[in-house]
Structures are given as structure tokens and as C-alpha cells.
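start.csv follows (CSV, C-alpha atoms):
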```csv
chain,number,residue,atom,x,y,z
S,1,MET,CA,-29.9,208.7,55.8
S,2,SER,CA,-26.8,207.0,54.5
S,3,LEU,CA,-23.8,206.0,56.7
S,4,LYS,CA,-20.8,208.2,56.2
S,5,MET,CA,-18.8,208.3,59.5
S,6,ILE,CA,-17.7,205.5,61.8
S,7,LEU,CA,-16.7,206.5,65.3
S,8,PHE,CA,-14.6,204.1,67.3
S,9,ASP,CA,-14.1,203.8,71.0
S,10,LEU,CA,-10.5,202.9,72.0
S,11,ASP,CA,-10.3,201.1,75.4
S,12,GLY,CA,-11.8,197.6,75.1
S,13,THR,CA,-12.7,198.3,71.5
S,14,LEU,CA,-9.7,198.9,69.3
S,15,LEU,CA,-7.4,198.2,72.2
S,16,PRO,CA,-8.3,195.0,74.1
S,17,MET,CA,-7.9,195.4,77.9
S,18,ASP,CA,-9.2,194.4,81.3
S,19,GLN,CA,-10.0,198.0,82.4
S,20,ASP,CA,-9.3,197.2,86.1
S,21,VAL,CA,-5.9,195.7,85.3
S,22,PHE,CA,-5.0,198.7,83.1
S,23,VAL,CA,-6.1,201.3,85.6
S,24,LYS,CA,-4.3,199.6,88.5
S,25,GLY,CA,-1.0,199.4,86.6
S,26,TYR,CA,-1.2,202.9,85.1
S,27,PHE,CA,-2.0,204.5,88.4
S,28,LYS,CA,0.8,202.7,90.1
S,29,SER,CA,3.3,204.2,87.6
S,30,LEU,CA,1.7,207.7,87.8
S,31,THR,CA,1.7,207.8,91.6
S,32,ALA,CA,5.3,206.7,91.8
S,33,ARG,CA,6.2,209.7,89.6
S,34,LEU,CA,4.3,212.1,91.8
S,35,MET,CA,4.9,210.9,95.3
S,36,PRO,CA,8.2,212.8,95.6
S,37,TYR,CA,6.0,216.0,95.7
S,38,GLY,CA,4.5,215.0,99.0
S,39,PHE,CA,1.5,212.9,98.0
S,40,GLU,CA,0.5,209.7,99.6
S,41,SER,CA,-0.5,207.0,97.1
S,42,GLY,CA,-4.1,206.6,98.3
S,43,GLU,CA,-4.5,210.4,98.5
S,44,LEU,CA,-3.3,210.9,94.9
S,45,ILE,CA,-5.4,208.1,93.4
S,46,ASP,CA,-8.5,209.5,95.1
S,47,SER,CA,-7.7,213.0,93.7
S,48,ILE,CA,-7.2,211.6,90.2
S,49,TRP,CA,-10.6,209.9,90.4
S,50,HIS,CA,-12.1,213.1,91.7
S,51,GLY,CA,-10.6,215.0,88.7
S,52,ILE,CA,-12.0,212.4,86.3
S,53,ALA,CA,-15.4,212.9,87.8
S,54,ALA,CA,-15.1,216.6,87.2
S,55,MET,CA,-14.4,215.9,83.6
S,56,VAL,CA,-17.4,213.6,83.3
S,57,LYS,CA,-19.6,216.3,84.8
S,58,ASN,CA,-18.1,219.0,82.5
S,59,ASP,CA,-20.7,220.9,80.6
S,60,GLY,CA,-18.6,222.1,77.6
S,61,SER,CA,-17.9,225.6,79.0
S,62,ARG,CA,-14.2,224.8,79.4
S,63,SER,CA,-12.0,222.0,78.3
S,64,ASN,CA,-11.8,218.7,80.3
S,65,GLU,CA,-8.1,219.6,80.9
S,66,ALA,CA,-9.2,222.9,82.6
S,67,ALA,CA,-11.9,221.0,84.6
S,68,PHE,CA,-9.4,218.4,85.8
S,69,TRP,CA,-6.7,220.9,86.9
S,70,ALA,CA,-9.2,223.3,88.5
S,71,ASP,CA,-10.4,220.4,90.7
S,72,PHE,CA,-6.9,219.0,91.4
S,73,LEU,CA,-5.4,222.4,92.3
S,74,HIS,CA,-8.4,223.2,94.5
S,75,ARG,CA,-7.7,220.1,96.5
S,76,HIS,CA,-3.9,220.4,96.7
S,77,GLY,CA,-3.0,224.1,96.2
S,78,GLN,CA,0.8,224.7,95.9
S,79,LYS,CA,1.6,221.0,96.2
S,80,GLY,CA,-0.5,220.4,93.1
S,81,GLN,CA,1.1,223.2,91.2
S,82,ASP,CA,4.5,221.9,92.0
S,83,ALA,CA,3.6,218.5,90.7
S,84,GLU,CA,1.8,219.6,87.5
S,85,PRO,CA,4.9,219.6,85.3
S,86,ALA,CA,5.8,216.1,86.4
S,87,PHE,CA,2.3,215.0,85.7
S,88,ARG,CA,2.5,216.2,82.2
S,89,THR,CA,6.0,214.9,81.6
S,90,PHE,CA,4.9,211.4,82.8
S,91,TYR,CA,2.7,211.0,79.7
S,92,GLU,CA,5.5,212.0,77.4
S,93,GLU,CA,8.2,209.9,79.0
S,94,GLU,CA,6.7,207.0,80.9
S,95,PHE,CA,3.1,206.3,79.9
S,96,ASP,CA,4.2,204.1,77.0
S,97,GLN,CA,5.3,201.5,79.6
S,98,ALA,CA,1.7,200.9,80.5
S,99,ARG,CA,1.4,199.0,77.2
S,100,VAL,CA,2.1,195.8,79.1
S,101,PHE,CA,-1.3,196.1,80.8
S,102,CYS,CA,-3.2,196.0,77.5
S,103,GLY,CA,-3.8,193.3,74.9
S,104,TYR,CA,-3.6,193.5,71.1
S,105,ASN,CA,-5.9,192.4,68.3
S,106,ALA,CA,-4.7,192.7,64.8
S,107,GLU,CA,-8.3,192.5,63.6
S,108,ALA,CA,-9.0,195.9,65.0
S,109,ALA,CA,-6.5,197.9,62.9
S,110,ALA,CA,-7.4,195.7,59.9
S,111,ALA,CA,-11.1,196.5,60.3
S,112,VAL,CA,-10.5,200.3,60.5
S,113,GLU,CA,-8.4,200.1,57.3
S,114,ARG,CA,-10.9,198.0,55.5
S,115,LEU,CA,-13.7,200.4,56.3
S,116,LYS,CA,-11.6,203.3,55.1
S,117,GLU,CA,-10.9,201.5,51.9
S,118,ALA,CA,-14.7,201.0,51.4
S,119,GLY,CA,-15.1,204.8,51.5
S,120,TYR,CA,-16.2,205.4,55.1
S,121,ARG,CA,-14.7,208.2,57.1
S,122,VAL,CA,-13.4,207.3,60.6
S,123,ALA,CA,-12.9,209.2,63.9
S,124,LEU,CA,-11.7,208.2,67.3
S,125,ALA,CA,-14.5,208.9,69.8
S,126,THR,CA,-12.6,207.7,72.9
S,127,ASN,CA,-13.5,209.2,76.3
S,128,PRO,CA,-11.5,212.5,76.4
S,129,ILE,CA,-10.1,212.1,79.9
S,130,PHE,CA,-6.5,211.6,78.7
S,131,PRO,CA,-4.1,214.2,77.2
S,132,GLU,CA,-3.5,214.1,73.4
S,133,VAL,CA,-0.1,212.5,73.8
S,134,ALA,CA,-1.6,209.6,75.7
S,135,GLN,CA,-4.5,209.1,73.3
S,136,LYS,CA,-2.0,208.8,70.4
S,137,ILE,CA,0.3,206.5,72.3
S,138,ARG,CA,-2.6,204.2,73.0
S,139,LEU,CA,-3.7,204.2,69.4
S,140,ARG,CA,-0.2,203.0,68.4
S,141,TRP,CA,-0.6,200.2,71.0
S,142,ALA,CA,-3.6,199.1,68.9
S,143,GLY,CA,-1.5,199.1,65.7
S,144,LEU,CA,-2.9,202.4,64.3
S,145,GLU,CA,-1.4,205.7,63.5
S,146,PRO,CA,-3.2,208.9,64.7
S,147,GLU,CA,-3.3,210.2,61.1
S,148,THR,CA,-5.8,207.4,60.3
S,149,PHE,CA,-8.5,209.3,62.0
S,150,GLU,CA,-10.1,212.6,61.1
S,151,LEU,CA,-10.7,213.5,64.8
S,152,ILE,CA,-9.3,212.3,68.1
S,153,THR,CA,-11.1,213.6,71.2
S,154,THR,CA,-8.6,214.5,73.9
S,155,TYR,CA,-8.9,216.3,77.3
S,156,GLU,CA,-7.4,219.4,75.8
S,157,SER,CA,-9.7,219.6,72.8
S,158,ILE,CA,-13.2,219.1,74.2
S,159,GLY,CA,-15.2,219.9,77.3
S,160,LEU,CA,-17.6,217.0,77.4
S,161,SER,CA,-17.3,213.3,78.2
S,162,LYS,CA,-19.2,210.0,77.8
S,163,PRO,CA,-21.9,209.1,78.6
S,164,ASN,CA,-23.2,212.6,78.1
S,165,PRO,CA,-25.2,212.6,74.8
S,166,ALA,CA,-23.9,216.1,74.2
S,167,TYR,CA,-20.4,214.7,73.7
S,168,TYR,CA,-21.7,212.7,70.7
S,169,LYS,CA,-23.5,215.8,69.3
S,170,GLU,CA,-20.4,217.8,69.5
S,171,VAL,CA,-18.3,215.1,67.8
S,172,ALA,CA,-20.8,215.0,64.9
S,173,ARG,CA,-20.8,218.8,64.7
S,174,ARG,CA,-17.0,218.9,64.5
S,175,LEU,CA,-17.0,216.3,61.8
S,176,GLY,CA,-19.7,218.1,59.8
S,177,VAL,CA,-22.1,215.2,59.7
S,178,GLU,CA,-25.6,214.5,61.1
S,179,PRO,CA,-25.8,212.1,64.0
S,180,GLU,CA,-27.9,209.8,61.8
S,181,GLU,CA,-24.9,209.5,59.4
S,182,CYS,CA,-22.7,208.1,62.1
S,183,LEU,CA,-22.1,204.6,63.5
S,184,MET,CA,-20.7,204.4,67.0
S,185,VAL,CA,-18.6,201.3,67.7
S,186,GLY,CA,-17.8,200.6,71.3
S,187,ASN,CA,-17.7,198.0,74.0
S,188,ASP,CA,-19.4,199.8,76.9
S,189,VAL,CA,-23.1,199.6,76.9
S,190,SER,CA,-23.7,202.6,79.1
S,191,GLU,CA,-21.0,204.9,77.7
S,192,ASP,CA,-21.1,204.0,74.0
S,193,MET,CA,-24.6,202.8,73.1
S,194,VAL,CA,-26.0,206.0,74.5
S,195,ALA,CA,-25.1,207.5,71.1
S,196,ARG,CA,-28.3,206.0,69.9
S,197,ASN,CA,-30.2,208.5,72.0
S,198,ILE,CA,-29.2,211.3,69.6
S,199,GLY,CA,-29.9,209.3,66.4
S,200,MET,CA,-26.6,207.6,65.8
S,201,GLN,CA,-26.4,204.1,64.7
S,202,VAL,CA,-24.5,201.8,67.1
S,203,PHE,CA,-22.6,198.5,67.1
S,204,LEU,CA,-21.6,196.8,70.4
S,205,LEU,CA,-18.1,195.3,70.2
S,206,THR,CA,-18.3,192.3,72.6
S,207,ASP,CA,-14.7,191.2,72.9
S,208,CYS,CA,-14.2,193.2,76.1
S,209,LEU,CA,-17.8,193.9,76.9
S,210,ILE,CA,-18.7,196.2,79.8
S,211,ASN,CA,-22.3,196.1,80.9
S,212,THR,CA,-22.4,197.4,84.4
S,213,GLU,CA,-26.1,198.1,84.4
S,214,GLY,CA,-27.0,194.6,83.1
S,215,LYS,CA,-28.9,196.0,80.0
S,216,ASP,CA,-30.5,193.7,77.5
S,217,LEU,CA,-27.9,193.3,74.7
S,218,SER,CA,-30.5,192.1,72.2
S,219,ALA,CA,-31.3,195.8,71.6
S,220,TYR,CA,-28.0,196.3,69.8
S,221,PRO,CA,-26.2,194.9,66.7
S,222,ARG,CA,-23.2,193.3,68.2
S,223,GLY,CA,-20.2,190.9,67.8
S,224,SER,CA,-16.5,191.1,67.1
S,225,PHE,CA,-14.7,192.7,64.2
S,226,PRO,CA,-15.8,190.2,61.5
S,227,GLU,CA,-19.4,190.8,62.5
S,228,LEU,CA,-18.8,194.6,62.4
S,229,LEU,CA,-17.4,194.4,58.9
S,230,ASP,CA,-20.4,192.3,57.8
S,231,PHE,CA,-22.8,194.7,59.4
S,232,VAL,CA,-21.3,197.8,57.7
S,233,LEU,CA,-20.2,196.4,54.3
S,234,LYS,CA,-23.4,194.6,53.5
S,235,ARG,CA,-24.9,198.1,53.0
S,236,LYS,CA,-22.6,198.7,50.0
```
Could you write out this structure as C-alpha cells?
Amino acid sequence: MSLKMILFDLDGTLLPMDQDVFVKGYFKSLTARLMPYGFESGELIDSIWHGIAAMVKNDGSRSNEAAFWADFLHRHGQKGQDAEPAFRTFYEEEFDQARVFCGYNAEAAAAVERLKEAGYRVALATNPIFPEVAQKIRLRWAGLEPETFELITTYESIGLSKPNPAYYKEVARRLGVEPEECLMVGNDVSEDMVARNIGMQVFLLTDCLINTEGKDLSAYPRGSFPELLDFVLKRK
């Protein structure tokens, strides 16, 4: 089956980053915004991670946004409700400052544009644990406009997450393609290469490689953006 759709991860793929550095810096800003509502820093960070876990476990019966807030409000009650507007406003007004915790690679945006010029469709299959506004801001950090992509998965728009193979099935369904017509490009062996389990083709972007389980990389086509372009365009 011919390749039609190229799915891109964001963090560590289109947007270079040390994930630990980014999360530490981002959480520091977020907790500073919410601490006036009576949270301790450690308590709040623990609750955010707990909410992320709720999104990762989500089965698609509700949005990831609903899963996160159900968990957060269960843990914090009225205090959580009072802080919710500030949480949402943070992404609109302050999240852009977290750009300093990321890198930039001009080859990423250039590769996306080159593949579109070659006739491939593109979508952003980033883990949908951020609001739409944050996903779009991070795309712009990578030098890309949201309109470039047919689909961007956000925590409002989907109720599944990586590494659940059902997430990839749902992305393909929404795009109107078969999994076998998709190529998933990502840097996380466990979260991105699992797309192969439902029949998607995969390419491991190794610039900011994450391989927490120590898997054998020889099983995957891999490299940086020049190698990705060669891998895809040689089919033409």
C-alpha cells in the first residue's frame, strides 16, 4: 500500500529538547502561577503528573481534558476549581516563555515543507496532553504554522494517548487513511515506534533519542532529517 500520510511527533522530533530540562522549567512557571491558590509546589507537581497519568490511561470514552480535570478536581476539590481559570490562562499568556527551554532545528520545518511539496499529507501526532493553544505555540517554536498540518492532536480533541496503539488507530481514522498508508516519525522508541504494531510504517528520529527500555534500534529506519527525506523521497 502506498504512503500517503506522514505523522510527526513534536517534542524531541520537530522541536529539539532535553525533556527533563523542558519539564522542569515549564513546571516551575506553572506552579508559580497557581501557588497563590493555596498549593505547595511539590503537591501541585505531583497532582499534574497524576493528571497526566489519567490521560495516558484514558480509554477514549471522554477527552483527555475531561480525564485530567476529573482527576485534578477529585484531588483538590474547591481549591482546584478556584485555580482552573488561572491554569487555562497560563497557557494563553505565559506558556510562550517556556521557549527558552527548547532548541531549534531549521531542518525540521524544511523537511515538513519538502514532504508536502512532494505530495505527501502531513499531520501532527504529538501526545495530546497539552491544550490546543499550547500545541500551536510549540509548533511555532519549531518554525511551523499550525495550518501546515491537517490534524493536530490536543487534550481537548481526543481521549487517547501514546503509547496506546488505539491512539494511532484513531488518528488514521480521523484522517481517512489506512494505518498502512501512514509513516510515523518520532524520537521516542516506546511511544512512537509502537505505531508499527497497527501496521504503520515508522522512522526513528535520533537527534533527541529517547529509548528508556533499551530496545534494539536496528529494527527501525532511523537518522536525522536528511535521512528521513532520503527514506521517503526515494519511493517517488
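The environment of region 52-64 of chain S within 8 Å, counting all atoms listed in the file and disregarding residues fewer than 5 places along the same chain, consists of Asp71, Pro128, Ile129, Tyr155, Glu156, Ser157, Ile158, Gly159, Leu160, Ser161, Lys162, Pro163 and Asn164 of chain S.
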Give me a file of those residues, with C-alpha atoms, as a compact mmCIF listing (two decimals), keeping the file's coordinate frame.
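This went into part-v4.txt:
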```txt
# COMPACT_ATOMS: atom_id res chain seq x y z
CA ASP S 71 -10.40 220.40 90.70
CA PRO S 128 -11.50 212.50 76.40
CA ILE S 129 -10.10 212.10 79.90
CA TYR S 155 -8.90 216.30 77.30
CA GLU S 156 -7.40 219.40 75.80
CA SER S 157 -9.70 219.60 72.80
CA ILE S 158 -13.20 219.10 74.20
CA GLY S 159 -15.20 219.90 77.30
CA LEU S 160 -17.60 217.00 77.40
CA SER S 161 -17.30 213.30 78.20
CA LYS S 162 -19.20 210.00 77.80
CA PRO S 163 -21.90 209.10 78.60
CA ASN S 164 -23.20 212.60 78.10
```
Quiz item: Of the candidates S:Ala166, S:Ala106, S:Leu124, S:Ala134, which shows the shortest atom-to-atom distance to Glu92 (chain S), using only C-alpha atoms?
Solution: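 Using only C-alpha atoms, the shortest distance to Glu92 (chain S) belongs to S:Ala134.
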Could the residues of region 56-154 of chain S that have an atom at most 12 Å from region 3-14 of chain S be listed as CSV, each with its closest atom pair and the distance in Å to one decimal, counting all atoms listed in the file and ordered by chain and ascending residue number?
```
residue,atom,partner,partner_atom,distance
S:Phe101,CA,S:Asp11,CA,11.6
S:Cys102,CA,S:Asp11,CA,9.0
S:Gly103,CA,S:Gly12,CA,9.1
S:Tyr104,CA,S:Leu14,CA,8.3
S:Asn105,CA,S:Leu14,CA,7.6
S:Ala106,CA,S:Leu14,CA,9.1
S:Glu107,CA,S:Leu14,CA,8.7
S:Ala108,CA,S:Leu14,CA,5.3
S:Ala109,CA,S:Leu14,CA,7.2
S:Ala110,CA,S:Leu14,CA,10.2
S:Ala111,CA,S:Leu14,CA,9.4
S:Val112,CA,S:Phe8,CA,8.8
S:Glu113,CA,S:Ile6,CA,11.7
S:Arg114,CA,S:Ile6,CA,11.9
S:Leu115,CA,S:Ile6,CA,8.5
S:Lys116,CA,S:Ile6,CA,9.3
S:Ala118,CA,S:Lys4,CA,10.6
S:Gly119,CA,S:Lys4,CA,8.1
S:Tyr120,CA,S:Lys4,CA,5.5
S:Arg121,CA,S:Met5,CA,4.8
S:Val122,CA,S:Ile6,CA,4.8
S:Ala123,CA,S:Leu7,CA,4.9
S:Leu124,CA,S:Phe8,CA,5.0
S:Ala125,CA,S:Asp9,CA,5.3
S:Thr126,CA,S:Asp9,CA,4.6
S:Asn127,CA,S:Asp9,CA,7.6
S:Pro128,CA,S:Asp9,CA,10.6
S:Ile129,CA,S:Asp11,CA,11.9
S:Phe130,CA,S:Asp11,CA,11.6
S:Ala134,CA,S:Leu10,CA,11.7
S:Gln135,CA,S:Leu10,CA,8.7
S:Lys136,CA,S:Leu10,CA,10.5
S:Ile137,CA,S:Leu10,CA,11.4
S:Arg138,CA,S:Leu10,CA,8.1
S:Leu139,CA,S:Leu10,CA,7.4
S:Arg140,CA,S:Leu14,CA,10.4
S:Trp141,CA,S:Leu14,CA,9.3
S:Ala142,CA,S:Leu14,CA,6.1
S:Gly143,CA,S:Leu14,CA,9.0
S:Leu144,CA,S:Leu14,CA,9.1
S:Pro146,CA,S:Leu10,CA,11.9
S:Thr148,CA,S:Phe8,CA,11.7
S:Phe149,CA,S:Leu7,CA,9.3
S:Glu150,CA,S:Met5,CA,9.8
S:Leu151,CA,S:Leu7,CA,9.2
S:Ile152,CA,S:Phe8,CA,9.8
S:Thr153,CA,S:Asp9,CA,10.3
S:Thr154,CA,S:Leu10,CA,11.9
```
Quiz item: Distance CA of Ile45 (chain S)-CA of Phe27 (chain S), one decimal place?
Solution: 7.0 Å
Quiz item: What separation in Å, quoted to one decimal, exists between CA of Pro16 (chain S) and CA of Phe95 (chain S)?
Solution: 17.1 Å
Exercise. Name all residues at most 10 Å from Trp69 (chain S) (count only C-alpha atoms; drop same-chain ones fewer than 5 positions away) and give them as an NGL selection string.
Key: :S and (48 or 51 or 54-55 or 64 or 74-75 or 80-81 or 84)
Self-check item: Nearest to Tyr91 (chain S), chosen from S:Met35, S:Leu30, S:Ala70, S:Ala219, with only C-alpha atoms counted in the distances
Solution: S:Leu30
